[in-house]
Structures are given as C-alpha cells and as structure tokens.
Amino acid sequence: MNLKLKPAVSDGETFFDLAQAPLRELNAALHKLAADTNETHWKVFNPAGRHAVAAGLDAPVTVEIDGPVGYYCAGMNKQARVIINGNAGVGVAENMMSGFVHVKGDASQSAGATAHGGLLVVDGNASARCGISMKGIDIVVKGSVGHMSAFMAQAGTLTVLGDAGEALGDSLYEAKLFVRGSVAGLGADCIEKEMREEHKALLAAKLEAAGILGEVDISEFRRYGSARTLYHFHVDNVSSY
Amino acid sequence: MCGIVGLFLKEPKLEPELGALLSEMLDIMCDRGPDSAGFAVYGAGTPGFVKLTLRGPAGTDFAALGGQIGHLVTPRDTHAVLSVPAAEEAAVRAALARIAPEVRVVGAGNRMELYKEVGLPADVAKRFKLETMSGTHAIGHTRMATESAVTTDGAHPFSTGPDQCLVHNGSLSNHAGVRRLLAREGLSVNTENDSEVAAAYLTYRMRGGDTLGEALEHSLDDLDGFYTFVVGTETGFGVLRDPIACKPAVMAETDSYVAFASEYRALAGLPGIETARVFEPEPAKVYFWDRAA
C-alpha cells in the first residue's frame, strides 16, 4: 500500500493520509461518492485534530478515522458510518441527519448538537452541552455528560450510562433522557418521569443499536423529560416580560 | 478567540526541547490569534540572582545598556534579560528608569523570562528564538484582541509578581471592580487589559499566603466572566476554566509532561501523544502541578 497515492485503494478499502494530502481533498473525494459507489470503506490516517474531517457526507459508506479529530467531525452527516479511533473535538456529528457516528474516545462540547437523526455513540465521556437542541438524533454516551446537556432538546433520545452534569435538560421539549448514574441538577422545566414498560423497551432498542444491550441493567436507568410548563404563556409570569 | 498553550515537564530529559516544543504549539495556534503573541519560559536560574526581562523600542542597544548598568544582559530582539544580584534589584530598577526610561521591566523572577510582541505568532516565536530556549515549563498565547487594543502591552502573558504569569482566553465582566479592589491593596495594573487584572488578582491572593491552587479556587468566587486561564509560577503550573466553560481546553498528560492547548491540534506533535491521557479539563475545577524547587 502506497499512502502517497491519494487516495490509495487496497483490498476494497480506500486509504487517505492527511499528513500527505490536504483535508479539502479528502472531503471533496467523500462528497463526490455516489450512492452506488464501490469505495465503501475509507480509512483516514493522521487526522491530528483537524477540524471538519468527514463533514457533510451523503453516501452509504464507512469512514474510519485513525486518531483524534477537531471540531465538527462528521457534521451534517447523512447515511455514512463515521468511526473515530480517538477523541473528538467540539460539535461531533452536529446536525447529523442520518447514519452512525462512533467516537471511541471522549467527545468535547456540543456533541450531536441540533442533529435530526442517526445514532451517535461515545465510548468515553461527552463534555458540556451534549445533545443541545437535538431534534431527533439518538445519542448513547457510555461515560458521563457535562453541564447543560440536552438544553432545549426537541426530539430524540439521550442515554447516559454514567452521570450527568448541572442543568440537565434545561428548557426541554420532547426529547427523552435516560441516565443511569447521578444527575448533578435538573434544568428549568426538566423533571424525572416514571420509567414505564414502553420506555424500557425504547431504551433497550437504543442500547441494542449501540451494541450494548445486555451489558447494562435497564432497571438502573431513570427517565427525565419535560414538565411542559414552559410551552405556553402563563399569566403569573406576565411581569417577567 | 485566542489560543493558549502550556507545557510543564515532569522529568529533565525534555528540558532542552521545551522551547522547540512550545514554539510548534504556538505556531499551530496562529489561526486562533493572529494579531500578537507572547510566552514565558521558566529556564535556569542563578542562586542569589534575579532575572529582569526588559522590553525596549526596536533598535534598543541592550548590550550598551547592560554595560552602563554593570550587569550581564542577554538581548533577544526587542527584549533582553538582565541578571542582577537579588539584593541590587531595586537599585538596578531605579538606574534603568533613570538611564533608559523607554525600557520597561516586563517580568522579573528567579527563573521566568517573558517575551511578547505584536505580529503573527510564528514570526514572534522566531524573532525571540523560542525554539532555542530550555526550561522546566512554559506558557504561551496567541491573541485575537476583543477587550483592548492590539499593542505589545495588551499581548499576553501578563506578569504581576515575581515568577508569576498568566495567559487568558475569554473576557472578564467585573474587571473594573476587581481593579479597584487591587488598587486599594496596593497592586498596580499597568494596562487596560482585563487579563492583567486576573493576573494581579492571583498575585494578590498568593501574596496573602495562598498557594497557586488556592488562589485559583478563590478566583472562581471573585472573577466574573468567561475564561480559561493557564498560570505559571516558579515551580507550578495551573489551569482553570470558568463554570460555564465557554472557551475550549484540552490537556494531555504522560509520565514526562503535562500539556495544555486550546485545541488538540497543538498537542498532536508532542512526543508520546499517542499514548498520553488526553482529557478536557472540567469547568470550575482547579488543576495544578508543582515540582520541588
């Protein structure tokens, strides 16, 4: 395999070394992929924390990134599977529409922000604002999430195997939050809700999608959601406006 | 924006490479702060002597000035380091003010040297030959000015006490009030820069007996705004982010070093980074490392 050929193809896999060729070239090549492309498995080397690696994909391909990435990796993703063998910077999978993003290390702030669909799995921790304004994505964090996670989260699920930081689910809409560990504090209008069978089934489905069904005890999770008191104007609050 | 970098070595092996490593880190952070840059390096000290870092207008003849003062001077571009017996520091400062009022003492301490200039950070590092410097720890900053003008005085790091310096990414909202508090306590803040107020606040706390860690804990109560600070003392290295953690931060730790950067990119070239523990410092949590003096 000669990595200097950019991209180099070997055994059905396409290799791209970011130490040898610019990121723009990688992203342009990925953007050009058609739905029926034969180049379905890409391996990217030496990301060195670069921003926007594999952002804007729209093809059913797998992109494996060998090392830590910077901001907005796999942003706006559609269809693609993006696997990061390292930590991810701010806004991984932000505004994802569909597909699968797997961070094998930690994710920085705003992981999965505003995303409409797809599945984001973080093996480590995600820091503050995980799932901020999420609109349908499913997020599974195997570690803990930082403060203000699921802020104004509209739809989708956030599942946390560890703990959640301050102000979880502040100004929450209809996203469903499942946390196994402790919650440092709930944000405005976020409350703990009963974990009924339908919610256990939903959680099981998300854990299964993340490949960890059976590894954790579903009865250990608590469910949090919107109290829906901020949905409508209330006359008692008139002096606040 | 602004970029911050810091490197604290745990073992002597890397000490000759400290400047080269920091220089590369600063270089990568150019695009977070292209208007000015600065750095402080904790190098070798001579027992009984104090290092004064001087800054003068371009073309200042530091060698001649050293001759007039009667002490060893090491010029580096617009800056120079003057090594004077501790007992003579006050006299030397007075002599400097008399002989060369245009030259300012921008840093002082047993080991710290401090350099900063307006310009692209990669160029600033080259002008001062950062890559040739050695030491135990160093911090650096690339600036994109928001709260005050693009001047050398406004560049980071800020030093407000012996062997103490601070770099800051963010902006403080209560710096005017803190400035008045510090003035009452006899601490002078020389610029309009909010970050210098933070540096002086830590000096004020440490002067009152706080360790670096305690001083950082107190700043969580007393400093309002958003900030990521990286702080150096003669033997210590500290990091603090505000409780909201608006500003990015990533750290790497190995058996050989602790490194800080605004973005992982700046850490990517460090030796052994592949196996380092890379983590994001938590909001409102004080991190500091100290080595035996």
# chains A, B, ... in the order shown; residues from 1 in each chain; ligands from 1

$ select_by_dssp --residues "stretch 91-288 of chain B" --states "strand (DSSP E)" --output "number ranges by chain"
B: 104-109, 112-118, 137-143, 158-161, 164-172, 225-232, 236-241, 250-253, 257-261, 277-279, 287-288

$ select_by_dssp --residues "stretch 23-179 of chain A" --states "helix (DSSP H, G or I)" --output "PyMOL selection string"
chain A and resi 23-31

$ interface_residues --of "chain A" --to "chain B" --cutoff "10 Å" --atoms "only C-alpha atoms" --output "short mmCIF file (atom, residue, chain, number, x, y, z; two decimals) with N, CA and C atoms, in the first residue's frame"
data_model
loop_
_atom_site.label_atom_id
_atom_site.label_comp_id
_atom_site.auth_asym_id
_atom_site.auth_seq_id
_atom_site.Cartn_x
_atom_site.Cartn_y
_atom_site.Cartn_z
N ASN A 46 -3.69 10.02 10.33
CA ASN A 46 -3.11 11.28 10.80
C ASN A 46 -4.06 12.48 10.79
N PRO A 47 -5.22 12.34 11.41
CA PRO A 47 -6.13 13.49 11.45
C PRO A 47 -5.55 14.64 12.31
N ALA A 48 -4.76 14.30 13.32
CA ALA A 48 -4.04 15.31 14.13
C ALA A 48 -4.94 16.44 14.63
N GLY A 49 -6.17 16.13 14.93
CA GLY A 49 -7.05 17.15 15.50
C GLY A 49 -7.60 18.14 14.49
N ARG A 50 -7.49 17.83 13.21
CA ARG A 50 -8.01 18.76 12.19
C ARG A 50 -9.53 18.89 12.33
N HIS A 51 -10.02 20.06 11.93
CA HIS A 51 -11.45 20.34 12.02
C HIS A 51 -12.19 19.84 10.78
N GLY A 67 -7.38 8.27 14.79
CA GLY A 67 -6.77 9.25 15.68
C GLY A 67 -7.75 10.35 16.04
N PRO A 68 -7.31 11.30 16.88
CA PRO A 68 -8.21 12.33 17.37
C PRO A 68 -8.54 13.37 16.30
N VAL A 69 -9.78 13.84 16.32
CA VAL A 69 -10.22 14.86 15.37
C VAL A 69 -10.59 16.14 16.11
N GLY A 70 -10.66 17.24 15.36
CA GLY A 70 -11.01 18.53 15.93
C GLY A 70 -12.50 18.77 15.89
N TYR A 71 -12.88 20.00 15.54
CA TYR A 71 -14.29 20.39 15.61
C TYR A 71 -15.10 19.80 14.46
N GLY A 86 -10.36 7.69 18.51
CA GLY A 86 -9.70 8.71 19.33
C GLY A 86 -10.76 9.66 19.86
N ASN A 87 -10.30 10.80 20.40
CA ASN A 87 -11.23 11.80 20.92
C ASN A 87 -11.75 12.67 19.78
N ALA A 88 -12.91 13.29 20.03
CA ALA A 88 -13.47 14.21 19.05
C ALA A 88 -13.61 15.59 19.70
N GLY A 89 -13.37 16.62 18.91
CA GLY A 89 -13.48 17.99 19.41
C GLY A 89 -14.93 18.46 19.45
N VAL A 90 -15.09 19.76 19.57
CA VAL A 90 -16.42 20.37 19.72
C VAL A 90 -17.32 19.97 18.54
N GLY A 105 -13.21 7.49 21.79
CA GLY A 105 -12.64 8.15 22.97
C GLY A 105 -13.69 9.05 23.61
N ASP A 106 -13.25 10.24 24.04
CA ASP A 106 -14.17 11.23 24.61
C ASP A 106 -14.64 12.19 23.52
N ALA A 107 -15.79 12.79 23.75
CA ALA A 107 -16.26 13.85 22.86
C ALA A 107 -16.23 15.16 23.64
N SER A 108 -15.88 16.23 22.97
CA SER A 108 -15.88 17.54 23.61
C SER A 108 -17.30 18.10 23.66
N GLN A 109 -17.42 19.41 23.78
CA GLN A 109 -18.73 20.04 23.98
C GLN A 109 -19.63 19.88 22.76
N ASN A 125 -16.46 9.91 27.75
CA ASN A 125 -17.34 10.96 28.26
C ASN A 125 -17.63 11.97 27.15
N ALA A 126 -18.75 12.65 27.29
CA ALA A 126 -19.02 13.81 26.44
C ALA A 126 -19.10 15.00 27.38
N SER A 127 -18.49 16.12 27.02
CA SER A 127 -18.50 17.24 27.96
C SER A 127 -19.76 18.07 27.79
N ALA A 128 -19.70 19.33 28.13
CA ALA A 128 -20.91 20.15 28.28
C ALA A 128 -21.76 20.19 27.01
N GLY A 146 -21.46 16.39 30.46
CA GLY A 146 -21.23 17.62 31.21
C GLY A 146 -22.49 18.43 31.42
N HIS A 147 -22.29 19.67 31.87
CA HIS A 147 -23.43 20.52 32.22
C HIS A 147 -24.24 20.93 30.99
N MET A 148 -25.49 21.25 31.23
CA MET A 148 -26.42 21.75 30.21
C MET A 148 -26.59 20.80 29.03
#

$ residues_around --residues "B:Thr132" --least-positions-apart "6" --cutoff "8 Å" --atoms "only C-alpha atoms" --output "PDB file with C-alpha atoms, in the first residue's frame"
ATOM      1  CA  GLU B  17      13.486  20.838  23.890  1.00  0.00           C
ATOM      2  CA  GLY B  19      11.241  25.986  23.612  1.00  0.00           C
ATOM      3  CA  ALA B  20      11.112  23.981  20.395  1.00  0.00           C
TER       4      ALA B  20
END

$ closest_residue --among "A:Gly185, A:Gly211, A:Gly12, A:Pro22" --to "A:Leu120" --atoms "only C-alpha atoms"
A:Gly211

$ residues_around --residues "B:Leu216" --least-positions-apart "5" --cutoff "12 Å" --atoms "only C-alpha atoms" --output "PDB file with N, CA and C atoms, in the first residue's frame"
ATOM      1  N   LEU B 166       0.383  34.796  33.613  1.00  0.00           N
ATOM      2  CA  LEU B 166      -0.932  34.258  33.272  1.00  0.00           C
ATOM      3  C   LEU B 166      -1.238  34.529  31.800  1.00  0.00           C
ATOM      4  N   ALA B 198      -6.762  39.773  36.091  1.00  0.00           N
ATOM      5  CA  ALA B 198      -6.790  38.403  36.611  1.00  0.00           C
ATOM      6  C   ALA B 198      -5.419  37.998  37.140  1.00  0.00           C
ATOM      7  N   ALA B 199      -4.379  38.362  36.409  1.00  0.00           N
ATOM      8  CA  ALA B 199      -3.015  38.045  36.851  1.00  0.00           C
ATOM      9  C   ALA B 199      -2.727  38.713  38.196  1.00  0.00           C
ATOM     10  N   TYR B 201      -4.876  39.710  40.374  1.00  0.00           N
ATOM     11  CA  TYR B 201      -5.708  39.115  41.421  1.00  0.00           C
ATOM     12  C   TYR B 201      -5.008  37.888  42.020  1.00  0.00           C
ATOM     13  N   LEU B 202      -4.452  37.059  41.142  1.00  0.00           N
ATOM     14  CA  LEU B 202      -3.747  35.862  41.643  1.00  0.00           C
ATOM     15  C   LEU B 202      -2.507  36.259  42.447  1.00  0.00           C
ATOM     16  N   THR B 203      -1.808  37.280  41.984  1.00  0.00           N
ATOM     17  CA  THR B 203      -0.646  37.779  42.740  1.00  0.00           C
ATOM     18  C   THR B 203      -1.077  38.240  44.128  1.00  0.00           C
ATOM     19  N   TYR B 204      -2.207  38.963  44.164  1.00  0.00           N
ATOM     20  CA  TYR B 204      -2.752  39.458  45.430  1.00  0.00           C
ATOM     21  C   TYR B 204      -3.053  38.297  46.378  1.00  0.00           C
ATOM     22  N   ARG B 205      -3.677  37.234  45.844  1.00  0.00           N
ATOM     23  CA  ARG B 205      -4.004  36.076  46.687  1.00  0.00           C
ATOM     24  C   ARG B 205      -2.737  35.362  47.150  1.00  0.00           C
ATOM     25  N   MET B 206      -1.791  35.205  46.255  1.00  0.00           N
ATOM     26  CA  MET B 206      -0.576  34.464  46.636  1.00  0.00           C
ATOM     27  C   MET B 206       0.288  35.283  47.598  1.00  0.00           C
ATOM     28  N   ASP B 210      -1.827  32.408  49.816  1.00  0.00           N
ATOM     29  CA  ASP B 210      -2.436  31.308  49.061  1.00  0.00           C
ATOM     30  C   ASP B 210      -1.378  30.562  48.257  1.00  0.00           C
ATOM     31  N   THR B 211      -1.597  29.261  48.103  1.00  0.00           N
ATOM     32  CA  THR B 211      -0.845  28.545  47.073  1.00  0.00           C
ATOM     33  C   THR B 211      -1.485  28.901  45.734  1.00  0.00           C
ATOM     34  N   ASP B 221     -14.727  32.509  42.862  1.00  0.00           N
ATOM     35  CA  ASP B 221     -15.701  33.344  43.574  1.00  0.00           C
ATOM     36  C   ASP B 221     -15.619  34.804  43.133  1.00  0.00           C
ATOM     37  N   ASP B 222     -14.431  35.267  42.847  1.00  0.00           N
ATOM     38  CA  ASP B 222     -14.231  36.713  42.705  1.00  0.00           C
ATOM     39  C   ASP B 222     -14.139  37.216  41.269  1.00  0.00           C
ATOM     40  N   LEU B 223     -13.855  36.342  40.324  1.00  0.00           N
ATOM     41  CA  LEU B 223     -13.752  36.800  38.936  1.00  0.00           C
ATOM     42  C   LEU B 223     -14.993  36.355  38.179  1.00  0.00           C
ATOM     43  N   TYR B 227     -13.587  32.545  31.005  1.00  0.00           N
ATOM     44  CA  TYR B 227     -12.134  32.471  31.000  1.00  0.00           C
ATOM     45  C   TYR B 227     -11.644  31.034  30.985  1.00  0.00           C
ATOM     46  N   THR B 228     -10.572  30.848  30.301  1.00  0.00           N
ATOM     47  CA  THR B 228      -9.695  29.720  30.556  1.00  0.00           C
ATOM     48  C   THR B 228      -8.349  30.361  30.871  1.00  0.00           C
ATOM     49  N   PHE B 229      -7.832  30.071  32.057  1.00  0.00           N
ATOM     50  CA  PHE B 229      -6.530  30.598  32.466  1.00  0.00           C
ATOM     51  C   PHE B 229      -5.494  29.483  32.455  1.00  0.00           C
ATOM     52  N   VAL B 230      -4.298  29.814  32.029  1.00  0.00           N
ATOM     53  CA  VAL B 230      -3.150  28.950  32.308  1.00  0.00           C
ATOM     54  C   VAL B 230      -2.129  29.842  33.013  1.00  0.00           C
ATOM     55  N   VAL B 231      -1.628  29.352  34.134  1.00  0.00           N
ATOM     56  CA  VAL B 231      -0.809  30.175  35.017  1.00  0.00           C
ATOM     57  C   VAL B 231       0.506  29.478  35.314  1.00  0.00           C
ATOM     58  N   GLY B 232       1.578  30.246  35.348  1.00  0.00           N
ATOM     59  CA  GLY B 232       2.868  29.704  35.742  1.00  0.00           C
ATOM     60  C   GLY B 232       3.384  30.388  36.989  1.00  0.00           C
ATOM     61  N   PHE B 237       2.305  25.094  37.805  1.00  0.00           N
ATOM     62  CA  PHE B 237       1.602  25.244  36.532  1.00  0.00           C
ATOM     63  C   PHE B 237       0.128  24.968  36.816  1.00  0.00           C
ATOM     64  N   GLY B 238      -0.744  25.938  36.532  1.00  0.00           N
ATOM     65  CA  GLY B 238      -2.152  25.772  36.884  1.00  0.00           C
ATOM     66  C   GLY B 238      -3.075  26.063  35.720  1.00  0.00           C
ATOM     67  N   VAL B 239      -4.260  25.459  35.779  1.00  0.00           N
ATOM     68  CA  VAL B 239      -5.273  25.633  34.743  1.00  0.00           C
ATOM     69  C   VAL B 239      -6.625  25.815  35.423  1.00  0.00           C
ATOM     70  N   LEU B 240      -7.404  26.770  34.940  1.00  0.00           N
ATOM     71  CA  LEU B 240      -8.754  26.960  35.460  1.00  0.00           C
ATOM     72  C   LEU B 240      -9.679  27.413  34.338  1.00  0.00           C
ATOM     73  N   ARG B 241     -10.866  26.794  34.281  1.00  0.00           N
ATOM     74  CA  ARG B 241     -11.909  27.237  33.347  1.00  0.00           C
ATOM     75  C   ARG B 241     -13.099  27.739  34.147  1.00  0.00           C
ATOM     76  N   ASP B 242     -13.810  28.715  33.619  1.00  0.00           N
ATOM     77  CA  ASP B 242     -14.987  29.226  34.322  1.00  0.00           C
ATOM     78  C   ASP B 242     -16.082  28.156  34.352  1.00  0.00           C
ATOM     79  N   ALA B 284     -14.785  24.912  36.251  1.00  0.00           N
ATOM     80  CA  ALA B 284     -14.723  25.284  37.665  1.00  0.00           C
ATOM     81  C   ALA B 284     -13.927  24.292  38.501  1.00  0.00           C
ATOM     82  N   LYS B 285     -12.992  23.610  37.903  1.00  0.00           N
ATOM     83  CA  LYS B 285     -12.149  22.703  38.673  1.00  0.00           C
ATOM     84  C   LYS B 285     -10.698  23.166  38.524  1.00  0.00           C
ATOM     85  N   VAL B 286     -10.054  23.321  39.649  1.00  0.00           N
ATOM     86  CA  VAL B 286      -8.676  23.806  39.638  1.00  0.00           C
ATOM     87  C   VAL B 286      -7.728  22.636  39.371  1.00  0.00           C
ATOM     88  N   TYR B 287      -6.861  22.837  38.404  1.00  0.00           N
ATOM     89  CA  TYR B 287      -5.821  21.846  38.127  1.00  0.00           C
ATOM     90  C   TYR B 287      -4.482  22.518  38.379  1.00  0.00           C
ATOM     91  N   PHE B 288      -3.635  21.922  39.170  1.00  0.00           N
ATOM     92  CA  PHE B 288      -2.280  22.458  39.189  1.00  0.00           C
ATOM     93  C   PHE B 288      -1.239  21.416  39.541  1.00  0.00           C
TER      94      PHE B 288
END

$ residues_around --residues "B:Leu96" --least-positions-apart "4" --cutoff "9 Å" --atoms "only C-alpha atoms" --output "list in words"
Leu65, Ile69, Ala91, Val92, Ala100, Pro101, Val103, Arg104 and Val105 of chain B

$ write_last_selection --atoms "N, CA and C atoms" --output "mmCIF file, in the first residue's frame"
data_model
loop_
_atom_site.group_PDB
_atom_site.id
_atom_site.type_symbol
_atom_site.label_atom_id
_atom_site.label_comp_id
_atom_site.auth_asym_id
_atom_site.auth_seq_id
_atom_site.Cartn_x
_atom_site.Cartn_y
_atom_site.Cartn_z
ATOM 1 N N LEU B 65 23.400 49.136 27.252
ATOM 2 C CA LEU B 65 22.656 49.396 28.489
ATOM 3 C C LEU B 65 23.175 48.507 29.623
ATOM 4 N N ILE B 69 24.685 49.650 33.203
ATOM 5 C CA ILE B 69 24.135 49.175 34.475
ATOM 6 C C ILE B 69 25.183 48.347 35.222
ATOM 7 N N ALA B 91 17.872 48.838 43.195
ATOM 8 C CA ALA B 91 18.810 49.848 42.703
ATOM 9 C C ALA B 91 18.902 49.791 41.177
ATOM 10 N N VAL B 92 18.925 48.570 40.644
ATOM 11 C CA VAL B 92 19.016 48.417 39.191
ATOM 12 C C VAL B 92 17.751 48.962 38.519
ATOM 13 N N ALA B 100 17.448 54.751 31.059
ATOM 14 C CA ALA B 100 16.699 54.357 29.859
ATOM 15 C C ALA B 100 15.217 54.281 30.180
ATOM 16 N N PRO B 101 14.552 55.433 30.320
ATOM 17 C CA PRO B 101 13.140 55.417 30.717
ATOM 18 C C PRO B 101 12.237 54.738 29.684
ATOM 19 N N VAL B 103 12.850 51.952 28.341
ATOM 20 C CA VAL B 103 12.942 50.495 28.533
ATOM 21 C C VAL B 103 12.134 50.112 29.768
ATOM 22 N N ARG B 104 11.310 49.086 29.618
ATOM 23 C CA ARG B 104 10.455 48.687 30.742
ATOM 24 C C ARG B 104 10.790 47.291 31.221
ATOM 25 N N VAL B 105 10.606 47.105 32.515
ATOM 26 C CA VAL B 105 10.769 45.765 33.084
ATOM 27 C C VAL B 105 9.421 45.073 32.955
#

$ residues_around --residues "stretch 29-34 of chain A" --least-positions-apart "4" --cutoff "10 Å" --atoms "only C-alpha atoms" --output "PyMOL selection string"
chain A and resi 6-7+23-25+38-40+42+54-61+63

$ atom_distance --atom1 "atom CA of B:Arg179" --atom2 "atom CA of B:His218"
15.7 Å

$ residues_around --residues "B:Glu88" --least-positions-apart "2" --cutoff "12 Å" --atoms "only C-alpha atoms" --output "list in words"
Gly48, Phe49, Val50, Lys51, Leu52, Ile69, Gly70, His71, Leu82, Ser83, Val84, Pro85, Ala86, Ala90, Ala91, Val92, Arg93, Ala94 and Ala95 of chain B

$ write_last_selection --atoms "N, CA and C atoms" --output "compact mmCIF listing (two decimals), in the first residue's frame"
# COMPACT_ATOMS: atom_id res chain seq x y z
N GLY B 48 20.70 33.49 44.08
CA GLY B 48 21.07 34.83 44.54
C GLY B 48 20.88 35.91 43.49
N PHE B 49 20.53 35.49 42.28
CA PHE B 49 20.33 36.47 41.20
C PHE B 49 18.87 36.49 40.75
N VAL B 50 18.46 37.66 40.30
CA VAL B 50 17.11 37.83 39.75
C VAL B 50 17.23 38.14 38.27
N LYS B 51 16.33 37.56 37.50
CA LYS B 51 16.29 37.87 36.07
C LYS B 51 15.23 38.94 35.84
N LEU B 52 15.64 40.02 35.21
CA LEU B 52 14.67 41.03 34.81
C LEU B 52 14.51 40.96 33.30
N ILE B 69 24.68 49.65 33.20
CA ILE B 69 24.13 49.17 34.47
C ILE B 69 25.18 48.35 35.22
N GLY B 70 26.07 47.71 34.45
CA GLY B 70 27.13 46.92 35.07
C GLY B 70 26.74 45.49 35.37
N HIS B 71 25.76 44.96 34.57
CA HIS B 71 25.36 43.56 34.78
C HIS B 71 25.19 42.86 33.45
N LEU B 82 18.21 40.69 31.94
CA LEU B 82 19.28 41.26 32.75
C LEU B 82 19.35 40.44 34.03
N SER B 83 20.54 39.93 34.32
CA SER B 83 20.70 39.11 35.52
C SER B 83 21.40 39.96 36.59
N VAL B 84 20.70 40.17 37.70
CA VAL B 84 21.27 41.05 38.74
C VAL B 84 21.19 40.36 40.10
N PRO B 85 22.16 40.65 40.99
CA PRO B 85 22.06 40.10 42.35
C PRO B 85 20.76 40.58 43.00
N ALA B 86 20.09 39.64 43.67
CA ALA B 86 18.77 39.95 44.23
C ALA B 86 18.81 41.21 45.09
N ALA B 90 16.35 46.52 43.38
CA ALA B 90 15.69 47.82 43.48
C ALA B 90 16.58 48.92 42.91
N ALA B 91 17.87 48.84 43.19
CA ALA B 91 18.81 49.85 42.70
C ALA B 91 18.90 49.79 41.18
N VAL B 92 18.92 48.57 40.64
CA VAL B 92 19.02 48.42 39.19
C VAL B 92 17.75 48.96 38.52
N ARG B 93 16.59 48.66 39.11
CA ARG B 93 15.34 49.18 38.55
C ARG B 93 15.36 50.71 38.53
N ALA B 94 15.86 51.30 39.60
CA ALA B 94 15.92 52.76 39.69
C ALA B 94 16.89 53.30 38.64
N ALA B 95 18.03 52.63 38.48
CA ALA B 95 19.02 53.07 37.50
C ALA B 95 18.46 52.98 36.08

$ closest_residue --among "B:Ala97, B:Val178, B:Phe260, B:Thr136" --to "B:Arg291" --atoms "only C-alpha atoms"
B:Thr136

$ decode --residues "stretch 187-215 of chain A" --atoms "C-alpha atoms" --output "short mmCIF file (atom, residue, chain, number, x, y, z; two decimals), in the first residue's frame"
data_model
loop_
_atom_site.label_atom_id
_atom_site.label_comp_id
_atom_site.auth_asym_id
_atom_site.auth_seq_id
_atom_site.Cartn_x
_atom_site.Cartn_y
_atom_site.Cartn_z
CA GLY A 187 -32.56 22.44 34.37
CA ALA A 188 -35.71 24.54 34.19
CA ASP A 189 -38.81 22.50 33.31
CA CYS A 190 -36.95 19.17 33.31
CA ILE A 191 -38.35 16.55 35.68
CA GLU A 192 -37.86 12.91 36.47
CA LYS A 193 -40.61 10.79 34.95
CA GLU A 194 -41.87 7.31 35.51
CA MET A 195 -40.00 4.60 33.65
CA ARG A 196 -42.84 2.57 32.15
CA GLU A 197 -42.53 -0.59 30.07
CA GLU A 198 -42.69 1.38 26.83
CA HIS A 199 -39.73 3.47 27.96
CA LYS A 200 -37.77 0.39 28.98
CA ALA A 201 -38.44 -1.03 25.51
CA LEU A 202 -37.34 2.24 23.89
CA LEU A 203 -34.16 2.31 25.98
CA ALA A 204 -33.48 -1.34 25.16
CA ALA A 205 -33.77 -0.56 21.47
CA LYS A 206 -31.27 2.27 21.75
CA LEU A 207 -28.83 0.15 23.76
CA GLU A 208 -29.18 -2.56 21.16
CA ALA A 209 -28.45 -0.09 18.37
CA ALA A 210 -25.34 0.94 20.29
CA GLY A 211 -24.36 -2.72 20.64
CA ILE A 212 -24.53 -2.85 24.43
CA LEU A 213 -27.90 -4.46 25.12
CA GLY A 214 -27.44 -6.91 27.96
CA GLU A 215 -24.27 -5.22 29.21
#
